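Below is one structure; the comments refer to it alone.
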Amino acid sequence: MASTETRHDLTGTVVGRLAALAADIRTTGLPAELRKDVARRVLDLLGNSLAAHDQPSARVVTEVARNWSGAAAATGIGTGERFPAATAALVNGTLAHSMDSDDTHLPSVLHPSASVIPAVLAVGEAVGASGAAVLDAAGVGIEIVVRLGMGGYDEELGNSEFFERGQHATSICGAVGSAAAAAMLYGLETEGIADAMGIAASFGAGLLEANRTGGTVKRTHCGWAAHSGVTSAEFARAGLTGPPTVIEGRFGFLHAFCGDRADTAKVLDGLGEHWELPGIFFKPYPCNHFTHAGIDAARALVRDGLDPADIVEIQLGVPKPVLRTIAEPPASKAAPESGYHAAFSGPFTVARALLGGSGLGVGHADFTDAAAKDPRTLELARLVTSYSDDRCDEIYPHQFPAVLRVRTRDGSWHEARVDHNRGGPANPLSDDELTMKFDLNVEGRLSPESAVEVAGAALALPAAESLDALMATVRG
């Protein structure tokens with residue numbers, strides 16, 4: 001439905017440039033290698049989502065969603081049910097982020113796929129879009145998310161201004177990127193896509209306090225971002241409009257969230273020529289990304305022959321901004337109150353890795369509530385002192401590095417330093433490792449035959465006529 005309002009001139013505006021890219025890609029399509037990259041991210045997200053069904057946040061959101069009315073248009077992953085598109089996006093985005101195993105962009109420090117892909121799967125299924133169209137929309141939406149995140153990254157500060165202010169850039173930027181992607185699949189032109197983003201900029205929200213002191217609300221952030229994005233696109237489709245200077249304006253997105261440190265130029269730098277998408281990190285472990293290098297350092301020491309029973313002191317060096325998330329308050333991080341909170345603890349994750357872990361290094365079995373109370377793990381976690389390491393500060397946030405120093409009973413020190421995170425361009429996960437991660441995620445939830453079927457359907461999306469075959473395999 002066309003708006004009765006006078007259309008704003010989008011010439012030269014940030015949202016106009018982003019919307020023009022989206023409209024262009026809907027016509028021309030992404031390059032084949034980018035479509036393949038997005039398909040791998042769909043597979044990763046489906047595994048993360050299927051693994052999350054026992055999580056309290058997922059159960060709560062799905063239960064609430066069942067009480068919402070509307071046409072059954074899109075699949076709730078693993079629920080056996082279909083929901084209205086925006087509701088399915090809420091359910092699936094919550095699932096996607098609940099295990100903290102979703103991909104990460106650096107240095108913006110956000111998780112773009114966990115909101116955008118649930119939004120495009122929901123809308124794509126509802127409108128009968130081809131697999132290629134869904135991947136194209138997801139690729140553009142993810143690109144917009146990370147570019148908005150980069151607009152809040154301050155090189156001098158060495159950190160995201162969103163993060164400095166306690167704001168969850170993943171959900172805040174995710175709503176806008178999801179809106180652009182959903183609008184593409186709804187067939188909106190440049191103006192309508194811009195309106196969808198302009199509307200979603202008023203809906204994005206998320207605070208990071210739960211990372212520090214508890215609460216499960218963070219798990220819903222990507223679900224709400226996906227829901228907001230789809231809803232915003234539906235509003236734009238019906239004629240609601242957004243401000244043309246929604247990104248760069250005095251009371252617009254970047255200034256409101258990031259103040260004077262916002263850098264609009266980073267949002268548009270190389271737009272349409274350079275894609276951030278291939279450099280987004282896959283996460284091998286289902287825990288906060290800041291903990292990963294510490295895990296790898298612990299695994300390296302064990303491979304070198306370190307016996308955890310001989311350890312009397314552990315020093316974990318990380319970038320200074322990381323301490324707030326994985327090391328403070330120290331008492332809570334040494335003895336997390338639940339398996340979920342353990343996934344945000346440097347001391348706990350190092351301890352589990354030293355004791356052998358599971359999966360690709362540490363896995364879901366290491367973050368159950370029972371594992372969080374394991375005496376051997378807690379004994380080791382109490383030995384950990386976390387500190388700011390100068391070299392790590394230099395590298396962060398282009399990587400999330402760590403150095404682990406361990407003193408044993410004989411007085412000797414053992415050290416392992418990890419500068420490049422596993423799963424990123426400098427230390428990538430192979431297709432086989434990504435498939436192994438998927439298989440570990442769905443173990444006990446899908447039969448081996450069904451797992452192969454899901455993986456095949458996800459990776460075949462570039463040539464799929466619709467999402468029907470894929471969504472049938474994950475409906476449950």
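Please note that chains go A, B, ... in the order of the structure tokens, that every chain numbers its residues from 1, and that ligands are numbered from 1 in the order shown.
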> Quick one: residues within 10 Å of Ser101 of chain A, only C-alpha atoms counted, chain neighbours fewer than 3 positions away excluded, as a list in words?
Replying inline: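 Answer for this query is Asp44, Leu45, Gly47, Asn48, Ser49, Ala51, Ala96, His97, Ser98, Thr104, His111, Ala114, Phe282, Lys283, Pro284, Tyr285, Pro286, Cys287, Asn288, His289, Gly363, His364, Lys437 and Asn441 of chain A.
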Go ahead and save the residues from that selection, with N, CA and C atoms, as a tab-separated table (two decimals), in the first residue's frame.
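File written: again-v7.tsv
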chain	number	residue	atom	x	y	z
A	44	ASP	N	24.73	-22.92	10.24
A	44	ASP	CA	25.21	-22.68	11.60
A	44	ASP	C	24.09	-22.22	12.51
A	45	LEU	N	23.26	-21.31	12.02
A	45	LEU	CA	22.15	-20.80	12.84
A	45	LEU	C	21.13	-21.88	13.14
A	47	GLY	N	21.64	-25.10	13.47
A	47	GLY	CA	22.18	-25.95	14.53
A	47	GLY	C	22.13	-25.28	15.88
A	48	ASN	N	22.53	-24.00	15.95
A	48	ASN	CA	22.47	-23.28	17.22
A	48	ASN	C	21.05	-23.22	17.75
A	49	SER	N	20.09	-23.05	16.85
A	49	SER	CA	18.69	-22.92	17.25
A	49	SER	C	18.12	-24.23	17.75
A	51	ALA	N	19.73	-26.59	19.07
A	51	ALA	CA	20.38	-26.92	20.34
A	51	ALA	C	19.78	-26.18	21.51
A	96	ALA	N	18.23	-18.67	18.18
A	96	ALA	CA	19.54	-18.50	17.54
A	96	ALA	C	20.57	-17.91	18.48
A	97	HIS	N	20.14	-17.07	19.41
A	97	HIS	CA	21.07	-16.37	20.30
A	97	HIS	C	21.17	-17.02	21.68
A	98	SER	N	20.35	-18.03	21.94
A	98	SER	CA	20.25	-18.55	23.31
A	98	SER	C	21.47	-19.33	23.75
A	104	THR	N	30.13	-13.71	14.92
A	104	THR	CA	30.54	-12.44	15.50
A	104	THR	C	31.33	-11.62	14.49
A	111	HIS	N	26.68	-9.70	16.77
A	111	HIS	CA	26.31	-11.00	16.20
A	111	HIS	C	25.22	-10.78	15.14
A	114	ALA	N	22.14	-13.68	13.83
A	114	ALA	CA	21.13	-14.22	14.74
A	114	ALA	C	19.83	-13.43	14.73
A	282	PHE	N	32.85	-17.31	12.65
A	282	PHE	CA	32.03	-18.39	13.19
A	282	PHE	C	32.56	-18.71	14.60
A	283	LYS	N	31.65	-19.08	15.50
A	283	LYS	CA	32.06	-19.41	16.86
A	283	LYS	C	32.13	-20.93	17.03
A	284	PRO	N	33.29	-21.46	17.37
A	284	PRO	CA	33.38	-22.91	17.57
A	284	PRO	C	32.80	-23.36	18.92
A	285	TYR	N	32.70	-22.45	19.87
A	285	TYR	CA	32.28	-22.82	21.23
A	285	TYR	C	31.00	-22.06	21.62
A	286	PRO	N	30.09	-22.73	22.33
A	286	PRO	CA	28.81	-22.10	22.68
A	286	PRO	C	28.90	-21.25	23.95
A	287	CYS	N	29.75	-20.23	23.90
A	287	CYS	CA	29.94	-19.35	25.04
A	287	CYS	C	30.40	-17.99	24.54
A	288	ASN	N	30.42	-17.02	25.42
A	288	ASN	CA	30.78	-15.67	25.03
A	288	ASN	C	32.09	-15.65	24.27
A	289	HIS	N	32.12	-14.88	23.18
A	289	HIS	CA	33.29	-14.91	22.29
A	289	HIS	C	34.56	-14.42	22.98
A	363	GLY	N	31.88	-27.60	24.90
A	363	GLY	CA	30.60	-27.74	24.22
A	363	GLY	C	29.44	-27.54	25.16
A	364	HIS	N	28.25	-27.88	24.69
A	364	HIS	CA	27.04	-27.65	25.47
A	364	HIS	C	27.08	-28.37	26.82
A	437	LYS	N	30.27	-29.03	14.02
A	437	LYS	CA	29.59	-28.19	15.00
A	437	LYS	C	28.08	-28.38	14.89
A	441	ASN	N	25.49	-29.87	17.69
A	441	ASN	CA	24.34	-29.09	18.14
A	441	ASN	C	23.05	-29.89	18.11
Counting only C-alpha atoms, which residues in segment 324-357 of chain A sit no more than 7 Å from segment 294-317 of chain A? For each one, give the nearest pair of atoms and the distance in Å, sorted by chain then residue number, as JSON lines.
{"residue": "A:Thr349", "atom": "CA", "partner": "A:Ile295", "partner_atom": "CA", "distance": 6.3}
{"residue": "A:Val350", "atom": "CA", "partner": "A:Ile295", "partner_atom": "CA", "distance": 5.2}
{"residue": "A:Ala353", "atom": "CA", "partner": "A:Ile295", "partner_atom": "CA", "distance": 5.6}
{"residue": "A:Leu354", "atom": "CA", "partner": "A:Ala298", "partner_atom": "CA", "distance": 5.4}
{"residue": "A:Leu355", "atom": "CA", "partner": "A:Pro308", "partner_atom": "CA", "distance": 6.6}
>> Give me, as a VMD selection string, the residues of segment 186-376 of chain A that a backbone DSSP run labels strand (DSSP E).
In response: chain A and resid 311 to 318
>> Taking 6 positions as the minimum chain separation for residues in the same chain, which residues sit within 9 Å of Ala126 of chain A when counting only C-alpha atoms? Answer as a list in words.
In response: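 With the cut-off at 9 Å, the set is Ala72, Ala73, Ala74, Pro84 and Ala85 of chain A.
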Report as a tab-separated table: every residue of segment 101-149 of chain A with an atom at most 10 Å from segment 230-251 of chain A, its closest pair of atoms, and their distance in Å to one decimal, counting only C-alpha atoms, with rows sorted by chain and ascending residue number.
residue	atom	partner	partner_atom	distance
A:Val116	CA	A:Val230	CA	9.5
A:Pro118	CA	A:Val230	CA	9.7
A:Ala119	CA	A:Val230	CA	6.2
A:Val120	CA	A:Val230	CA	8.4
A:Ala122	CA	A:Val230	CA	8.5
A:Val123	CA	A:Val230	CA	7.4
A:Leu148	CA	A:Ile247	CA	8.6
Write a file of the selected residues as a short mmCIF file (atom, residue, chain, number, x, y, z; two decimals), in the first residue's frame, keeping N, CA and C atoms.
data_model
loop_
_atom_site.label_atom_id
_atom_site.label_comp_id
_atom_site.auth_asym_id
_atom_site.auth_seq_id
_atom_site.Cartn_x
_atom_site.Cartn_y
_atom_site.Cartn_z
N VAL A 116 19.11 -11.30 11.62
CA VAL A 116 18.76 -11.15 10.21
C VAL A 116 18.27 -12.47 9.61
N PRO A 118 16.87 -15.25 11.02
CA PRO A 118 15.50 -15.58 11.41
C PRO A 118 14.44 -14.71 10.73
N ALA A 119 14.76 -13.42 10.53
CA ALA A 119 13.81 -12.55 9.84
C ALA A 119 13.60 -12.98 8.39
N VAL A 120 14.70 -13.29 7.67
CA VAL A 120 14.53 -13.64 6.26
C VAL A 120 13.95 -15.04 6.09
N ALA A 122 11.69 -16.33 8.02
CA ALA A 122 10.26 -16.17 8.28
C ALA A 122 9.55 -15.52 7.10
N VAL A 123 10.08 -14.40 6.63
CA VAL A 123 9.43 -13.69 5.53
C VAL A 123 9.57 -14.48 4.23
N LEU A 148 26.42 -0.46 10.53
CA LEU A 148 25.90 0.40 11.59
C LEU A 148 26.71 0.21 12.87
#
> Residues at most 6 Å from segment 171-176 of chain A, counting only C-alpha atoms, excluding those fewer than 4 positions away in the same chain, as a VMD selection string?
Replying inline: chain A and resid 115 145 197 200 to 201 204 to 206 221 to 222 225 to 226 228 to 229
>> For a quick check of understanding, using only C-alpha atoms, which of A:Ala133, A:Met150, A:Ala293, A:Ala210 has the smallest distance to Phe344 of chain A?
In response: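 Ranked by minimum distance to Phe344 of chain A, first place goes to A:Ala210.
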> Quick one: of A:His398, A:Ala19, A:Gly78, A:Arg409, who's nearest to Leu188 of chain A, counting only C-alpha atoms?
Replying inline: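 For Leu188 of chain A, the nearest of the given residues is A:Ala19.
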> Which one is closest to His341 of chain A: A:Phe253, A:Ala464, A:Gly214, A:Phe400? Count only C-alpha atoms.
Replying inline: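 Ranked by minimum distance to His341 of chain A, first place goes to A:Gly214.
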